[in-house]
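*Asks:* Okay, here's the structure, questions in a sec.
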Amino acid sequence: MSETRRDAVLSVRNMSMNFGGLRALSEVDFEVRKGEVVALIGPNGAGKTTFFNCITGIYAPTEGEVLATARDGKTRRINGMRTNLVCELGMARTFQNIRLFASMTALENVMIGRHCRTREGLFGAIFRGPGTRREEQEVVDKSYRLLQKVGLENVANEYASNLPYGAQRRLEIARALATEPFLLLLDEPAAGMNPQETLELKEMVIQIRHEFDVSVLLIEHDMKMVMSLSDRIYVMEYGRVIATGTPAEVSADPEVIRAYLGEESDA
Amino acid sequence: MLELKNIDTYYGNIQALRDVNITVREGEIITLIGANGAGKTTTLMTICGVVPARNGEVLFQGKPITRLSADKIVRMGICQVPEGRLIFPDLTVRENLDMGAFLRDDKSGVDSDLEQVFTLFPILKERRRQLGGTLSGGEQQMLAISRALMARPKVLLLDEPSLGLAPLIIRQIFDIIKQINRESNTTIFLVEQNANQALKVANRGYVMENGRITLEDACDKLLANDAVKKAYLGL
Amino acid sequence: MEYFLQLFFSGLSKGSVYALIALGYTMVYGIIELINFAHGEIYMIGAFTGLIVAGLLTALGWPVLAILAIAIVVAMFYSGAYGYTVEKIAYKPLRNAPRLAPLISAIGMSIFLQNYVMLAQTPDFLPFPNLVPDFAFMQPFKSFLGTSDLFIIVASIVVMAALNLFIKFTRMGKAMRATAQNRKMALLVGVNVDHVISMTFIIGSSLAAVGGVLIASHMGQINFYIGFIAGLKAFTAAVLGGIGSIPGAMLGGLVLGWTESFATGYVSSDYEDVFAFLLLVLILIFRPAGLLGKQRAQKV
Amino acid sequence: MAAESFVKNLKKSAVAALWLSFLTMPIMVIRVDTVEKTIAWRWMHLVWMLVGSFVFALAWHFLMDRRDRGGAATDANVEPTPSRFAVWLANPRVNRPLMALGLLFATAFPFLFSVYQTNILISALIYVVLGLGLNITVGLAGLLDLGYVAFYAVGAYAYALLNHHFHLGFWAVLPVGGILGAFFGILLGFPVLRLRGDYLAIVTLGFGEIVRLVLQNWDAFSFGPSGVSNIDRPGFFGITYSVDQATTYIYYLALLGVLLAIFVSGRLKDSRVGRAWLALREDEIACQAMGIDNTKAKLLAFAMGATFAGFMGVVFAAKTTYINPASFTFMESAMILAIVVLGGMGSIPGVILGAFLLMLLPEYMRAFSQYRMLLFGATMILVMVFRPQGLIRARRKIYKVNINTVDKA
Amino acid sequence: GKKDEDKNANATASSDKIVIGVAGAHSGDLASYGLPTLNAAKLVAKDLNAKGGINGKQVVIEPMDDQCKPELATNAATKLVSEKVNLVIGHICSGATKAALPIYKDAKIIVISPSATSTELTQNGEYPNFFRTISYDLVQGKAGAEFAVSTLHVKKVAIIHDKGDYGKGFAESAKKALEDGKVAQVAMFEGVTPGGVDYSAVVQKIKNSGADCVLFGGYHPEASKIIIQMHQKGLMIPFVSDDGVKDDTFIKTAGKDAEGVYATGPQILADNAIYKKAFADHKKEFGTEPGAFFPQAYAAALALTNAVAKAGSTDFDKVAAALRSEYVETPVGKIKFDAKGDAEGASFSVYQVKSGKYELVK
Ligand SMILES: Nc1ncnc2c1ncn2[C@@H]1O[C@H](COP(=O)(O)OP(=O)(O)OP(=O)(O)O)[C@@H](O)[C@H]1O
Ligand SMILES: Nc1ncnc2c1ncn2[C@@H]1O[C@H](COP(=O)(O)OP(=O)(O)OP(=O)(O)O)[C@@H](O)[C@H]1O
Ligand SMILES: [Mg+2]
Ligand SMILES: [Mg+2]
């Protein structure tokens, strides 16, 4: 299981994370391959978000190894790497508790995502030469296009904090996409959306995966979305991976039913 | 029990609610569904006096509460589980629950309620010494619900209680809603994205679009309504 | 060794002075996250009220300790009332405003109150009668600690302990902690936030008055400007100890007092403040939330 | 309705007047001398207080009603409806000529008004630049800096000492001041990287005090409290001027500084760097997770702000020709911060207006002599209460999308 | 001559008035040293005006606040210049005075300060327009040091100052005098932070240093706190200080601890009629006793108005000449000014607090 496949973009080996006495993750092995949509599910408090935090550098895992293969084909060890460098490498995330830049407009929020892909510095900003101007316009245009992608172009100039919950979630996705990731990490993107909106979101994710050629790692409690969207699923409980496999395999796994899905899965 | 009459609510100069009329009878479960940004959260905030209505009136047990401050409204027995897992991040789980019972004086009742909440959500008992802010999303949501239960309100306003919870727990939440409605005759005002489930537990439902109530009916009727099916049930 | 002890006690009494003012500071800060620059002025007003009471009662020929008691009570009342009013005028209208707006109105309030007292009373220094008589039993320790030093130390410990119990165990204390963390949430559990904030200001301000009277009596003089430096030092102490934390304010005050005292004693008083601030920077680098402050629960 | 609320306000004001009179009674009325054992009762003060506070309370309630009727205008992210005047002003066809007119006026100023007027305007202009500098650190990047005046002191002492010891001229030291400012900015930035909010505030405050105390105590270096006098006024290719001429000359220098500062901070605000600062202000974690290097952004913000102050320090030393540590107290930092917040955080015209208000107000209130600081403090409170977002609130730029390229995609 | 408001300025300075600017700290932390000067000027002007003014011209006082800050002082000075005031009393702090003087010099306005003691102000000869009624640091410090050595016969002196330009100036010249004299040794030389809540650490340090005398440069608030704490800690050595301490407020605030304290200062004879009158007038007019530097300020106002009267105009050269040549009776003695601008004739001596009053030593 721990043998790394050649097309893995993310592979995690034997990772653990302790908070004081609490072991939030223990000996997790994990892999995302190129172009895949992988879901991570599990009961509340299982350690899913903590897993995201560990691989994006927000926490440094207590043990284990995180390897990422960026678009350049090189594989790097990234545990403990600073968050911004992880993002620059090409792993972008959204947050479970939405973290938008509240008093910036929707468009600007996305433009922030372009930051690590642009180079304009202090002097460029002050003198605003043709190169800078071109880059700026490109940032604006690309960001706007991303807003179109997630259906928010008509609120481009609204403050992010004034958008409804669902729109904020989509805006976070657009912002993450703006960093040109090879791996998109979504933490409960459908939370706060109704079934219809969830459906639209799913379509959106599928489209994004093709168009931007990204792998997606998804935490979600909406089983309908998870089951129909993902190629593979990892199930976590008390910080351990208790099952992996295709949606069909996982949803039939008695362990998973006991720990997470419950008897009659009517999702 | 609770009545909203011609409510208009604004954020600055943006109108979020337009002429909203809702009636909740005692002992009833009603649900309010609607798309993102329809104004559901705003409706609850207006009832609680956090975002006061500019026009119209809110009546509770026949008395107007429109201009009362939020704490007075809570004192009258209206309690809200707010959207987005609002909890006290630097208080422990236990202290958060105690804050829920802030207005209560019956110590023994509070203690037994605490036990009850811990049996409902055993994970909270495990985590009772942890700071609220470090809980996982779902744990925070459970804490928020439990906190409201600790207040023993007459009317419980729930804003998307199932948000971020595992399927198993969601089912449990809806059971709890039914249970407290049945056992302590708590009136419940449920705002849900999970319209399917919500319409199943509730007696009556309202549909909100762009700050207006567009439909109002018994839940089974709404479940059968084509427009509702298409827009909210994802069928 | 004796020199060390002397400096230790100097630092202790100086630190207690800081702590006594810092306690009120930290309370107010804890609840509305406002650096209340006017707190020093409330302390000054407490001292002036104490002076006026002492003046009136001395004229009537009352015994000193009775004067002290009454002066403290009246000063507490008036300072509390000032605190209440200041909050209503300068901070309450700014509840939803950007975070720095009340900070600026606090600075404005500080300037206003200073000049108000200067104009209404006098710009000059006024003698403040010594209301704390020297106790005989303190005589042997005189070169370490005077009676008024002892009074201040005891007062600050008592106030700290009482405040700590109050915050931990009363309903109002609970409401204060809730309000401090999240005002909207506190509203939703039925806390009367306005009332709680007013109470915090009243309590914090009356504590400043206790400090005002005792310290003025200790120093023997006051003028309209004494609040400014005292306020700044108290603020430093509160941050050092971990702002919002009651025992922290006490500890912060003492650490500050000791630093200054030892820096003076072993290096030079020229640089006592430099040492105090350097220590502050050092401590905050290693404990970004102060000595006893809790790092905010930050989960992503 | 209006009459009813007026009567209500009347009542409220009466209560307020009674309360305020009661509150101020001891300090306003009684004056004791505990040595001579005399007591003076000044009951007239109480009468004034009653009348004054009643009028004040009435005005207060009237304005408060008006403010609150404007909806949740205090809410950070709700744009109030711009007044018709603001809309008119926002029209480039109106504001361009207006700006040109303003610039023309500013250019002609020294020839129209007295040296005194020019002189205080120089102070105001210096503070405009300081405000714009601090606006970068506080307004854009959200790093509350209460020790900003330290950088100003660094610039001023750089010129004073280099001039005193080596007779270096104004123009030679000007860049040195800026560079030293930036250097000290970074020096301060490093230890405080991990600190948040008000912990940052106190450390910066401490830093400012340390710089001042060192200047005050280290005689051998800085001449201690007696300061450095006879600093050369700026020359121009060896020409020296009389006081009047020099004032005019420095005025233009300061004006140039202001224009430059407006230009630079305006450009920065809507640039990649500026957006990174805003993001940093809003949410550090998200900011970092979006690939922004927080450390770099913070240090850059400190350094940029400090550079402005360093430059202005040099100008200041050249203007007064004498400096001592008394000019660089905490109160000065507080004033610059007040300029930024009162004017409107992040808003360039706001900061300019704030600087003019806070610097010129005390000057023009000289007529009130001893009451001027009282009124000044009151003004600060009132402006904040009635315009919590500052005099001119910052507006985010509306970016123009190039539709062609977008559609092509 | 270009400004459009010159009309106003001319109105204030019209030929039937003599406008005297009074500049100094009228607000802020040092207001208590600045406002007494303003009061003194007002009292003198009132007296003169009651007698019909100077040569028939009314005297008008124009207060100008500088908070003792250099940059505000330059603003205040330019403002006074542009208002065409004829003469200036002020500024209070040496720093502010240094910043403002070049402006007055350029405008040819006479400035007379009651309290700016920095030695270089007069001694470096740069400001022919500057006079003062207070003796400067070098004289004061030296006087204090010499008194300690020759009269008190001390051997080890602790020199303390308040880190301000006034106090440190005094302390430094005292130190220099002691080191030059080589009779007594300087045990410690340190500044205390003004406005502090407690000075017991520095007092312990003095005690520990084995000094047998304290020389203090600074103002009375710090002095009284230090002396009180010295006595509390049982440190009963002589305390010698400067003009800033020779103030009745000091005796009041330090109470019985003030007894025995020495301070240098201008000689105000107990029966000086002018001072008595000024004192009484102040109480009558303002309801309080005068504050710091009041006698010097009163003297400055008298000297200035007298010189104008003698000169018959406010012309710079004439008034300066009159100041240098005409003796005038003031609270600080019968004085005129020397070529550099320092007061001559003011006898300068050492005082000691005895039963609640400053009394001349010897
Ligand atoms: N900073 C922290 N300090 C202490 N405990 C923490 C911290 N962060 C997370 N935990 C604990 O670790 C466990 C895992 O949390 P995590 O947020 O990863 O859960 P999750 O799987 O994302 O759950 P959910 O589906 O509810 O979001 C939880 O029990 C939580 O209380
Ligand atoms: N603080 C605010 N300031 C300005 N506008 C706001 C604010 N909060 C909400 N709104 C606006 O009010 C409208 C109603 O929002 P509300 O939050 O009530 O919707 P909702 O139905 O609860 O949506 P969701 O399902 O996303 O929670 C939305 O258009 C939203 O943009
Ligand atoms: Mg999670
Ligand atoms: Mg909602």
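By order in the structure tokens, chains are A, B, ...; within a chain, residues start at 1; ligands start at 1, following the order shown.
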Tell me as a PyMOL selection string which residues belonging to chain E come within 8 Å of chain C, counting only C-alpha atoms.
*Replies:* chain E and resi 27-29+31-33+35+163+190-193+195-198+200-202+204-205+208+221+225+228+232-234+249+252-254+291
*Asks:* List the spatial neighbours of A:Ile206 as a list of chain:residue names - criterion: any atom at most 9 Å away, only C-alpha atoms, same-chain residues fewer than 5 positions off excluded.
*Replies:*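 Everything that qualifies: A:Val37, A:Leu201, A:Glu211, A:Leu229.
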*Asks:* Just write the chosen residues, all heavy atoms, as a JSON list (two decimals), in the first residue's frame.
*Replies:*
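Once everything was written out, this is part32.json:
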[["chain", "number", "residue", "atom", "x", "y", "z"],
["A", 37, "VAL", "N", -10.01, 12.59, -8.50],
["A", 37, "VAL", "CA", -10.75, 13.25, -7.44],
["A", 37, "VAL", "C", -10.80, 12.26, -6.28],
["A", 37, "VAL", "O", -11.35, 11.17, -6.40],
["A", 37, "VAL", "CB", -12.19, 13.61, -7.86],
["A", 37, "VAL", "CG1", -12.94, 14.21, -6.67],
["A", 37, "VAL", "CG2", -12.18, 14.57, -9.02],
["A", 201, "LEU", "N", -22.55, 22.52, -7.90],
["A", 201, "LEU", "CA", -21.17, 22.55, -7.44],
["A", 201, "LEU", "C", -20.41, 21.35, -7.98],
["A", 201, "LEU", "O", -19.28, 21.44, -8.45],
["A", 201, "LEU", "CB", -21.11, 22.57, -5.92],
["A", 201, "LEU", "CG", -19.71, 22.54, -5.32],
["A", 201, "LEU", "CD1", -19.02, 23.88, -5.54],
["A", 201, "LEU", "CD2", -19.73, 22.21, -3.84],
["A", 211, "GLU", "N", -10.79, 21.29, -17.10],
["A", 211, "GLU", "CA", -10.30, 22.50, -17.71],
["A", 211, "GLU", "C", -8.94, 22.91, -17.16],
["A", 211, "GLU", "O", -8.07, 23.37, -17.88],
["A", 211, "GLU", "CB", -11.31, 23.61, -17.49],
["A", 211, "GLU", "CG", -11.05, 24.81, -18.34],
["A", 211, "GLU", "CD", -12.22, 25.76, -18.27],
["A", 211, "GLU", "OE1", -13.39, 25.28, -18.22],
["A", 211, "GLU", "OE2", -11.97, 26.97, -18.23],
["A", 229, "LEU", "N", -18.89, 11.78, -7.24],
["A", 229, "LEU", "CA", -17.82, 12.61, -7.79],
["A", 229, "LEU", "C", -16.45, 11.94, -7.73],
["A", 229, "LEU", "O", -15.64, 12.07, -8.62],
["A", 229, "LEU", "CB", -17.78, 13.94, -7.01],
["A", 229, "LEU", "CG", -16.81, 15.00, -7.46],
["A", 229, "LEU", "CD1", -17.15, 15.44, -8.88],
["A", 229, "LEU", "CD2", -16.88, 16.19, -6.52]]
*Asks:* Can you tell me which residues sit at most 9 Å away from ligand 4, counting only C-alpha atoms and all ligand atoms, written as a list of chain:residue names?
*Replies:*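 Final answer, ordered by chain and number: A:Pro164, A:Tyr165, A:Gly166, A:Gly192, B:Asn36, B:Gly37, B:Ala38, B:Gly39, B:Lys40, B:Thr41, B:Thr42, B:Leu44, B:Pro82, B:Glu83, B:Gly84, B:Asp159, B:Glu160, B:Val191, B:Glu192, B:Gln193.
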*Asks:* Sorted by chain and rising residue number, which residues of chain A lie within 8 Å of chain B, and what are their closest atom pairs and distances in Å to one decimal, counting only C-alpha atoms, as a tab-separated table?
*Replies:*
residue	atom	partner	partner_atom	distance
A:Gly42	CA	B:Ala166	CA	7.3
A:Pro43	CA	B:Ala166	CA	5.5
A:Asn44	CA	B:Gly138	CA	5.0
A:Gly45	CA	B:Ser136	CA	5.1
A:Gly47	CA	B:Ser136	CA	7.9
A:Thr49	CA	B:Ser136	CA	7.5
A:Gln96	CA	B:Gly137	CA	7.1
A:Asn97	CA	B:Gly137	CA	7.5
A:Leu163	CA	B:Gly37	CA	7.3
A:Pro164	CA	B:Gly37	CA	4.5
A:Tyr165	CA	B:Asn36	CA	6.5
A:Gly166	CA	B:Asn36	CA	5.6
A:Ala167	CA	B:Asn36	CA	7.3
A:Glu188	CA	B:Gly164	CA	7.1
A:Ala191	CA	B:Leu163	CA	5.7
A:Gly192	CA	B:Leu163	CA	6.0
A:Met193	CA	B:Gln193	CA	5.8
A:Asn194	CA	B:Gln193	CA	4.4
A:Pro195	CA	B:Gly234	CA	4.9
A:Gln196	CA	B:Gly234	CA	4.1
A:Glu197	CA	B:Gly234	CA	7.8
A:Leu199	CA	B:Gly234	CA	6.9
A:Glu220	CA	B:Gly164	CA	8.0
A:His221	CA	B:Ala166	CA	5.4
A:Asp222	CA	B:Pro167	CA	7.5
A:Met223	CA	B:Pro167	CA	7.7
A:Tyr260	CA	B:Leu168	CA	5.9
A:Leu261	CA	B:Leu168	CA	5.6
A:Gly262	CA	B:Leu168	CA	5.3
A:Ala267	CA	B:Pro167	CA	7.9
*Asks:* Keeping C-alpha atoms for every residue in the selection just given, could you write it to a file as a PDB file, in the first residue's frame?
*Replies:*
ATOM      1  CA  GLY A  42     -15.123  10.387   8.326  1.00  0.00           C
ATOM      2  CA  PRO A  43     -17.032  11.318  11.435  1.00  0.00           C
ATOM      3  CA  ASN A  44     -16.756  14.746  12.962  1.00  0.00           C
ATOM      4  CA  GLY A  45     -13.469  15.237  14.680  1.00  0.00           C
ATOM      5  CA  GLY A  47      -8.910  14.549  11.768  1.00  0.00           C
ATOM      6  CA  THR A  49      -9.186  19.152   8.496  1.00  0.00           C
ATOM      7  CA  GLN A  96     -13.930  24.768   6.379  1.00  0.00           C
ATOM      8  CA  ASN A  97     -14.723  27.969   8.245  1.00  0.00           C
ATOM      9  CA  LEU A 163     -22.028  37.672  -0.065  1.00  0.00           C
ATOM     10  CA  PRO A 164     -24.293  34.838   0.992  1.00  0.00           C
ATOM     11  CA  TYR A 165     -22.702  31.727   2.426  1.00  0.00           C
ATOM     12  CA  GLY A 166     -22.835  29.605  -0.694  1.00  0.00           C
ATOM     13  CA  ALA A 167     -21.367  32.334  -2.840  1.00  0.00           C
ATOM     14  CA  GLU A 188     -16.488  20.817   2.837  1.00  0.00           C
ATOM     15  CA  ALA A 191     -21.617  22.897   3.380  1.00  0.00           C
ATOM     16  CA  GLY A 192     -24.382  25.453   3.474  1.00  0.00           C
ATOM     17  CA  MET A 193     -25.659  24.652   0.024  1.00  0.00           C
ATOM     18  CA  ASN A 194     -28.971  23.100  -0.789  1.00  0.00           C
ATOM     19  CA  PRO A 195     -29.171  19.911  -2.830  1.00  0.00           C
ATOM     20  CA  GLN A 196     -29.690  21.820  -6.039  1.00  0.00           C
ATOM     21  CA  GLU A 197     -26.701  24.028  -5.433  1.00  0.00           C
ATOM     22  CA  LEU A 199     -25.473  19.441  -7.718  1.00  0.00           C
ATOM     23  CA  GLU A 220     -17.275  16.420   2.368  1.00  0.00           C
ATOM     24  CA  HIS A 221     -20.152  15.106   4.398  1.00  0.00           C
ATOM     25  CA  ASP A 222     -22.656  15.119   1.550  1.00  0.00           C
ATOM     26  CA  MET A 223     -22.532  11.498   0.513  1.00  0.00           C
ATOM     27  CA  TYR A 260     -19.904   6.994   9.604  1.00  0.00           C
ATOM     28  CA  LEU A 261     -22.757   6.267   7.276  1.00  0.00           C
ATOM     29  CA  GLY A 262     -25.193   4.589   9.609  1.00  0.00           C
ATOM     30  CA  ALA A 267     -28.283  10.257   1.132  1.00  0.00           C
TER      31      ALA A 267
END
*Asks:* Give me the residues near D:Ala334 as a list in words, where near means some atom within 8 Å (using only C-alpha atoms) and where sequence neighbours in that chain fewer than 4 positions away do not count.
*Replies:*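 The contact residues come out as Ile107 of chain C; Leu146, Phe330 and Ala338 of chain D.
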*Asks:* Smallest atom-to-atom distance to B:Gly27: which of B:Leu2, B:Gly100, B:Asp106, B:Arg127, using only C-alpha atoms?
*Replies:* B:Leu2
*Asks:* Counting only C-alpha atoms, a student should be able to say which residues of chain B come within 9 Å of chain D; what is the right answer, written as an mmCIF file with N, CA and C atoms, in the first residue's frame?
*Replies:*
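Saved to iface_11.cif:
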data_model
loop_
_atom_site.group_PDB
_atom_site.id
_atom_site.type_symbol
_atom_site.label_atom_id
_atom_site.label_comp_id
_atom_site.auth_asym_id
_atom_site.auth_seq_id
_atom_site.Cartn_x
_atom_site.Cartn_y
_atom_site.Cartn_z
ATOM 1 N N TYR B 10 -32.957 45.911 6.656
ATOM 2 C CA TYR B 10 -31.908 46.463 5.794
ATOM 3 C C TYR B 10 -30.536 46.244 6.404
ATOM 4 N N TYR B 11 -29.540 46.061 5.545
ATOM 5 C CA TYR B 11 -28.147 46.219 5.951
ATOM 6 C C TYR B 11 -27.690 47.525 5.327
ATOM 7 N N GLY B 12 -27.532 48.561 6.112
ATOM 8 C CA GLY B 12 -27.222 49.856 5.519
ATOM 9 C C GLY B 12 -28.352 50.218 4.593
ATOM 10 N N ASN B 13 -28.051 50.326 3.299
ATOM 11 C CA ASN B 13 -29.153 50.628 2.393
ATOM 12 C C ASN B 13 -29.518 49.447 1.500
ATOM 13 N N ILE B 14 -28.981 48.277 1.853
ATOM 14 C CA ILE B 14 -29.373 47.080 1.093
ATOM 15 C C ILE B 14 -30.548 46.437 1.800
#
*Asks:* Select, as a ChimeraX atom specification, those residues of chain D with any atom no more than 10 Å from chain A (distances computed using only C-alpha atoms).
*Replies:* /D:76-79,263-276,278-294,300,304,395-407,409
*Asks:* Please compute the atom CA of B:Asn203-atom CA of B:Thr31 distance, one decimal, in Å.
*Replies:*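 Atom CA of B:Thr31 lies at a distance of 7.9 Å from atom CA of B:Asn203.
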*Asks:* Looking only at the backbone, which of the residues in stretch 167-339 of chain E does DSSP tag as alpha helix (DSSP H), as a PyMOL selection string?
*Replies:* chain E and resi 167-181+200-209+220-232+248-254+273-286+294-311+316-325
*Asks:* Per DSSP on the backbone, what are the strand (DSSP E or B) residues of stretch 1-100 of chain B, as a ChimeraX atom specification?
*Replies:* /B:2-11,14-24,29-34,55-60,63-64,78-81,92
*Asks:* Would you mind listing what lies within 8 Å of E:Thr74 as a PyMOL selection string, with only C-alpha atoms counted and same-chain residues fewer than 3 positions away left out?
*Replies:* (chain D and resi 320) or (chain E and resi 70-71+77-78+96+99-100+103)
*Asks:* Find the residues near E:Ala263: any atom within 8 Å, counting only C-alpha atoms, skip ones fewer than 6 places away on the same chain, and give them as a ChimeraX atom specification.
*Replies:* /E:144,240-243,245-246,350-352
*Asks:* For stretch 183-196 of chain C, find every residue with an atom within 8 Å (counting only C-alpha atoms), except residues of its own chain fewer than 2 positions away, and show them as a PyMOL selection string.
*Replies:* (chain B and resi 48+50+70-75+79-80+86-88+99-103+148+151) or (chain C and resi 172+175-176+178-181+198-200)
*Asks:* Between C:Gly173, C:Asn164, C:Asn96, C:Ala38, which is the closest to ligand 2 once you count only C-alpha atoms and all ligand atoms?
*Replies:*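 Closest candidate: C:Asn96.
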*Asks:* Excluding stretch 324-328 of chain D and its own-chain neighbours fewer than 6 positions away, which residues fall within 10 Å of it when counting only C-alpha atoms? Please give them as an MDAnalysis selection string.
*Replies:* (chainID D and resid 147:154 156:157 160 208:209 211:217 222:229 317) or (chainID E and resid 67:72 95:96 99 164:165)
*Asks:* Using only C-alpha atoms, what table do you get, as a tab-separated table, when you list each residue of chain D with an atom no more than 10 Å from chain E, its nearest pair of atoms, and their distance in Å rounded to one decimal, rows by chain then rising number?
*Replies:*
residue	atom	partner	partner_atom	distance
D:Arg31	CA	E:Thr288	CA	9.6
D:Asp33	CA	E:Thr288	CA	9.4
D:Thr34	CA	E:Lys252	CA	9.0
D:Val35	CA	E:Lys252	CA	6.5
D:Glu36	CA	E:Lys252	CA	9.0
D:Ala40	CA	E:Gly287	CA	8.6
D:Pro110	CA	E:Lys3	CA	8.8
D:Phe111	CA	E:Lys2	CA	6.7
D:Leu112	CA	E:Lys3	CA	5.7
D:Phe113	CA	E:Lys3	CA	4.7
D:Ser114	CA	E:Lys3	CA	4.9
D:Val115	CA	E:Thr78	CA	6.8
D:Tyr116	CA	E:Thr78	CA	4.8
D:Gln117	CA	E:Lys79	CA	7.8
D:Thr118	CA	E:Thr78	CA	9.4
D:Asn119	CA	E:Asn75	CA	6.5
D:Ile120	CA	E:Asn75	CA	6.1
D:Leu121	CA	E:Asn75	CA	9.8
D:Ile122	CA	E:Asn75	CA	9.9
D:Ser123	CA	E:Glu71	CA	8.2
D:Leu213	CA	E:Lys163	CA	9.4
D:Gln216	CA	E:Lys163	CA	7.1
D:Asn217	CA	E:Lys163	CA	7.2
D:Gly224	CA	E:Asp165	CA	7.9
D:Pro225	CA	E:Asp165	CA	4.8
D:Ser226	CA	E:Asp165	CA	4.9
D:Gly227	CA	E:Gly95	CA	7.2
D:Val228	CA	E:Gly95	CA	9.2
D:Ser229	CA	E:Lys98	CA	7.0
D:Asn230	CA	E:Ala99	CA	8.6
D:Ser242	CA	E:Asp106	CA	7.9
D:Val243	CA	E:Asp106	CA	6.8
D:Asp244	CA	E:Asp106	CA	8.7
D:Phe316	CA	E:Glu71	CA	8.4
D:Ala317	CA	E:Glu71	CA	9.3
D:Lys319	CA	E:Glu71	CA	8.6
D:Thr320	CA	E:Glu71	CA	6.1
D:Thr321	CA	E:Ala99	CA	6.6
D:Tyr322	CA	E:Ala99	CA	5.1
D:Ile323	CA	E:Pro70	CA	6.6
D:Asn324	CA	E:Gly95	CA	6.8
D:Pro325	CA	E:Lys69	CA	9.3
D:Ala326	CA	E:Lys69	CA	6.1
D:Ser327	CA	E:Lys69	CA	5.8
D:Phe328	CA	E:Lys69	CA	9.3
D:Pro362	CA	E:Asp65	CA	9.8
D:Glu363	CA	E:Asn75	CA	8.3
D:Arg366	CA	E:Met64	CA	7.1
D:Ala367	CA	E:Pro63	CA	8.8
D:Phe368	CA	E:Pro63	CA	9.8
D:Ser369	CA	E:Pro63	CA	6.8
D:Gln370	CA	E:His26	CA	6.3
D:Tyr371	CA	E:Ser27	CA	8.8
D:Arg372	CA	E:Ser27	CA	8.6
D:Met373	CA	E:Ser27	CA	6.9
D:Leu374	CA	E:Ser27	CA	9.3
